[in-house]
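**Q** My questions will all concern the structure given below.
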Amino acid sequence: MTHIVLALGFLLVCIGFWGLMTRKEVFRLIISFSLLDTGVHVIMVGIGYVRTGTAPIFDEALAVAGAVGKVVDPVPSALVLTAIVIGLAVTALMLSFAIRLHASRGSLAVDDMKELKW
Amino acid sequence: MSQLMLVLFGLLMLVGAVAALYLKDTVSAILAAGSVSLVASLVYLLLGAPDVAMTEAAIGSALTTVVFLFSWARIQHRPQPSKNPQSEESDSNPDDQEDHQL
Amino acid sequence: MMKRLIIILALAAIALGFFPLAMRISGDSGLTALATHYVEAGADELGAANLVTSVVVSYRGLDTLGEVMVLFTATTGVTALLGAGKSKSHKKEKESERDGDGRREGSELLATGAAFLFPILVLFGIYIFLNGHLTPGGGFQGGVVLASAFLLLLFSDCRLELNHALLKGAEAISGAAYVAVGLLGLWLAGGFLDPRFLPAGEFGQLFSAGAIPIIYILIGIKVGSELTGIVDAMRRCS
């Protein structure tokens with residue numbers, strides 16, 4: 001099961017990377033970036049998975065004693081939790097750059113931006 | 001059983017991701033990218049991370065999609081810049097006549 | 001063609017870096033030593049039933065503080081890029097839209113539904129971040145639910161102006177209080193962001209786990225007000 005998840009995350013990263021390299025419009029680049037982001041999150045959660053593991057939350061069904069081996073790793077979950085929120089904020093920042101770019105150029109095509117091309 | 005579901009969800013995510021890159025209509029592409037996040041939250045649930053699943057469902061599929069749509073609407077409805085009128089809006093927006101429902 | 005070849009080569013290089021990593025990991029390898037310690041001793045040390053919350057708020061608390069910082073910086077960037085000069089062009093757009101075809105108003109159904117759902121959504125968000133140490137959820141998720149409640153209001157009435165002073169105040173006070181609680185932990189307990197300066201209480205009850213609920217409430221308010229600020233700055237509305 002872990003390998004399926006890792007393969008899925010890797011393919012998502014590949015698709016996002018492919019989009020970043022081949023698409024010609026700033027908006028699509030941002031969409032590709034968010035796909036890449038999702039792929040990395042899937043990989044991280046997949047790394048923390050333990051076979052037949054359940055969520056690391058103690059209640060009547062899961063006693064503290066003997067919980068090792070029954071729960072998944074809480075550390076990747078915690079990291080991904082915050083990373084998703086940061087991902088939204090960074091995406092919003094990129095989108096507002098795109099809006100300003102469109103306001104000053106009237107275009108979002110990468111080919112129109114030649115200042116740094118050599 | 002859960003392995004089968006995982007494979008199914010994975011295929012859905014991959015199809016959605018490719019669609020997000022190659023659909024002509026940008027609004028459809030945004031919705032496809034949002035659907036990838038929505039299915040990702042189901043995957044997290046299968047992997048025993050309900051906290052992450054909640055976050056992904058609320059942020060990835062709801063707020064990110066809305067932020068994308070807001071900014072696309074702003075880009076679409078922007079009047080032409082008055083500074084350099086010779087740089088016309090080129091064919092970077094193939095779906096200009098598209099009716100925006102935002 | 002050459003370009004595609006280079007991209008495919010780059011993807012192959014990523015795959016080469018990735019596969020040794022993937023080979024080492026399998027579901028059978030179990031928890032790492034650090035995670036084993038968290039699972040065995042986390043409930044006794046901090047008294048929170050949800051281990052992910054213990055990790056986010058306390059064990060990796062400094063990390064979370066840094067992430068909240070990143071969120072704050074990104075929000076500032078969005079507001080600086082989109083908010084500046086908004087009021088002037090705003091009025092112009094408003095007038096041009098009034099006589100032009102303009103946007104559609106939110107429908108009656110949406111307005112009624114939003115007015116009905118808004119308090120429930122706010123209550124739900126508060127519930128999520130109050131129970132973050134007991135059930136799945138916490139400050140980040142609750143904050144997002146709060147932000148989506150305000151988003152619903154903005155959808156239903158596009159001319160609505162949010163109280164920016166209140167948003168800014170809530171964000172600033174909760175951020176400062178978060179650091180202050182962390183410093184209290186440094187002073188009264190083991191270290192920065194140590195929640196054990198309050199009594200641990202009974203395991204599994206609402207008032208337990210020391211200062212973890214307080215920190216998560218502050219994070220919830222901060223994330224909620226920041227995301228509301230982002231959505232408010234991004235919306236395109238007369």
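Within each chain, counting starts at residue 1; across the structure tokens, chains are named A, B, ... in the order shown, with ligands numbered 1 upward in that order.
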Any chance you could list, as an MDAnalysis selection string, the residues in chain C that come up helix (DSSP H, G or I) when DSSP is run on the backbone?
**A** chainID C and resid 2:24 27:29 33:46 51:59 61:83 86:99 108:130 139:156 164:188 195:197 212:234
**Q** Leu31 (chain C): which residues within 12 Å, counting only C-alpha atoms, same-chain residues fewer than 5 positions away excluded, as a VMD selection string?
**A** (chain A and resid 47 to 51 53 56 67 to 76) or (chain C and resid 25 to 26 36 to 40)
**Q** Contacts of Leu183 (chain C) at 12 Å or less, counting only C-alpha atoms, minus same-chain residues fewer than 2 places along, as a list of chain:residue names?
**A**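 Near neighbours after the sequence-gap exclusion: C:Leu62, C:Ala176, C:Ala177, C:Tyr178, C:Val179, C:Ala180, C:Val181, C:Gly185, C:Leu186, C:Trp187, C:Leu188, C:Ala189, C:Gly190, C:Gly191, C:Phe192, C:Leu193, C:Asp194, C:Pro195, C:Phe197, C:Ile215.
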**Q** Please indicate the distance in Å from CA of Ala33 (chain B) to CA of Leu6 (chain A), rounded to one decimal place.
**A**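 Value for the CA of Ala33 (chain B)-CA of Leu6 (chain A) distance: 19.6 Å.
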**Q** Taking only C-alpha atoms into account, report as an NGL selection string which residues of chain C lie within 9 Å of chain B.
**A** :C and (52 or 103-104 or 135-138 or 140-141 or 144-145 or 147-148 or 151 or 155 or 227 or 230-231 or 234-237)
**Q** Would you save the residues of that selection, restricted to C-alpha atoms, as a PDB file, in the first residue's frame?
**A**
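The file below, result.pdb, is the result:
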ATOM      1  CA  VAL C  52      -0.790  15.011  15.964  1.00  0.00           C
ATOM      2  CA  ARG C 103     -22.008  41.250 -12.344  1.00  0.00           C
ATOM      3  CA  ARG C 104     -24.984  39.402 -11.151  1.00  0.00           C
ATOM      4  CA  THR C 135     -10.485  14.739  18.082  1.00  0.00           C
ATOM      5  CA  PRO C 136      -9.132  15.264  14.569  1.00  0.00           C
ATOM      6  CA  GLY C 137      -8.941  18.954  13.884  1.00  0.00           C
ATOM      7  CA  GLY C 138      -7.367  21.932  15.500  1.00  0.00           C
ATOM      8  CA  PHE C 140      -5.533  25.296  11.307  1.00  0.00           C
ATOM      9  CA  GLN C 141      -8.686  23.446  10.268  1.00  0.00           C
ATOM     10  CA  VAL C 144     -10.097  27.618   7.648  1.00  0.00           C
ATOM     11  CA  VAL C 145     -13.720  26.874   8.531  1.00  0.00           C
ATOM     12  CA  ALA C 147     -12.530  31.868   6.874  1.00  0.00           C
ATOM     13  CA  SER C 148     -14.978  29.933   4.700  1.00  0.00           C
ATOM     14  CA  LEU C 151     -16.224  33.710   2.331  1.00  0.00           C
ATOM     15  CA  PHE C 155     -20.373  35.494  -1.902  1.00  0.00           C
ATOM     16  CA  LEU C 227      -7.130  33.651   5.427  1.00  0.00           C
ATOM     17  CA  ILE C 230      -6.385  36.902   1.771  1.00  0.00           C
ATOM     18  CA  VAL C 231      -9.832  36.060   0.396  1.00  0.00           C
ATOM     19  CA  MET C 234      -8.336  38.635  -3.779  1.00  0.00           C
ATOM     20  CA  ARG C 235     -12.048  38.964  -4.414  1.00  0.00           C
ATOM     21  CA  ARG C 236     -13.055  40.858  -7.455  1.00  0.00           C
ATOM     22  CA  CYS C 237     -16.060  42.818  -6.607  1.00  0.00           C
TER      23      CYS C 237
END
**Q** For region 8-20 of chain B, list every protein, DNA or RNA residue within 7 Å, evaluated using only C-alpha atoms, and leave out those in the same chain fewer than 5 positions away; present the list as a PyMOL selection string.
**A** (chain A and resi 8+12+15+35) or (chain B and resi 29-30+32-33+35-36+39+43)
**Q** Grab the residues selected above and save them as a tab-separated table (two decimals), in the first residue's frame with C-alpha atoms.
**A**
chain	number	residue	atom	x	y	z
A	8	LEU	CA	1.07	8.10	-6.94
A	12	LEU	CA	1.88	13.77	-9.41
A	15	ILE	CA	3.00	15.84	-13.88
A	35	LEU	CA	-0.29	19.91	-8.32
B	29	ALA	CA	-8.66	23.44	-15.44
B	30	ILE	CA	-9.03	25.14	-12.06
B	32	ALA	CA	-9.90	19.80	-12.27
B	33	ALA	CA	-7.04	20.88	-10.00
B	35	SER	CA	-10.88	17.79	-7.76
B	36	VAL	CA	-7.33	16.43	-7.46
B	39	VAL	CA	-9.56	13.03	-3.98
B	43	VAL	CA	-6.37	9.19	0.10
**Q** Which polymer residues have any atom within 8 Å of an atom of Leu167 (chain C), counting only C-alpha atoms, with same-chain residues fewer than 6 positions away left out, as a list of chain:residue names?
**A**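 Within the cut-off, the hits are C:Ser225, C:Glu226, C:Gly229.
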**Q** Counting only C-alpha atoms, what are the residues of chain A within 9 Å of chain C, and for each of them which pair of atoms is the nearest and at what distance in Å, to one decimal? Sort the table by chain and rising number, as CSV.
**A**
residue,atom,partner,partner_atom,distance
A:Met1,CA,C:Gly27,CA,7.2
A:Thr2,CA,C:Gly27,CA,5.7
A:His3,CA,C:Ser26,CA,7.0
A:Leu6,CA,C:Ala22,CA,6.8
A:Ala7,CA,C:Ala22,CA,8.5
A:Phe10,CA,C:Ala15,CA,8.0
A:Cys14,CA,C:Leu11,CA,6.6
A:Phe17,CA,C:Leu11,CA,7.8
A:Trp18,CA,C:Ile7,CA,7.2
A:Met21,CA,C:Ile7,CA,7.0
A:Thr22,CA,C:Arg4,CA,8.0
A:Gly46,CA,C:Gly27,CA,8.9
A:Ile47,CA,C:Ile25,CA,6.8
A:Gly48,CA,C:Leu31,CA,8.0
A:Tyr49,CA,C:Gly27,CA,6.2
A:Val50,CA,C:Gly27,CA,4.7
A:Arg51,CA,C:Gly27,CA,4.8
A:Thr52,CA,C:Gly27,CA,8.6
A:Ala55,CA,C:Asn50,CA,8.8
A:Pro56,CA,C:Leu51,CA,5.6
A:Ile57,CA,C:Asn50,CA,4.3
A:Phe58,CA,C:Ala49,CA,5.0
A:Asp59,CA,C:Ala49,CA,7.1
A:Val64,CA,C:Glu40,CA,6.9
A:Ala65,CA,C:Glu40,CA,7.3
A:Gly66,CA,C:Glu40,CA,8.1
A:Ala67,CA,C:Val39,CA,6.9
A:Val68,CA,C:Val39,CA,6.5
A:Gly69,CA,C:Gly30,CA,6.5
A:Val71,CA,C:Val39,CA,8.2
A:Val72,CA,C:Leu31,CA,7.5
A:Asp73,CA,C:Ala35,CA,6.0
A:Pro74,CA,C:Val52,CA,5.2
A:Val75,CA,C:Val55,CA,6.6
A:Ser77,CA,C:Val52,CA,6.7
A:Ala78,CA,C:Val56,CA,5.5
A:Leu79,CA,C:Val56,CA,7.7
A:Leu81,CA,C:Phe140,CA,7.9
A:Thr82,CA,C:Glu67,CA,6.8
A:Ala83,CA,C:Glu67,CA,7.9
A:Val85,CA,C:Phe140,CA,7.4
A:Ile86,CA,C:Leu71,CA,5.9
A:Leu88,CA,C:Leu71,CA,8.9
A:Ala89,CA,C:Ala74,CA,5.7
A:Val90,CA,C:Ala74,CA,6.2
A:Ala92,CA,C:Val78,CA,6.9
A:Leu93,CA,C:Val78,CA,5.2
A:Met94,CA,C:Val78,CA,8.5
A:Leu95,CA,C:Val78,CA,8.6
A:Ser96,CA,C:Val78,CA,6.0
A:Phe97,CA,C:Leu81,CA,7.2
A:Ile99,CA,C:Leu82,CA,8.2
A:Arg100,CA,C:Leu81,CA,7.2
**Q** In Å, with one decimal, what is the gap from CA of Asp112 (chain A) to CA of Leu21 (chain B)?
**A**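 Here the two named atoms are 20.1 Å from each other.
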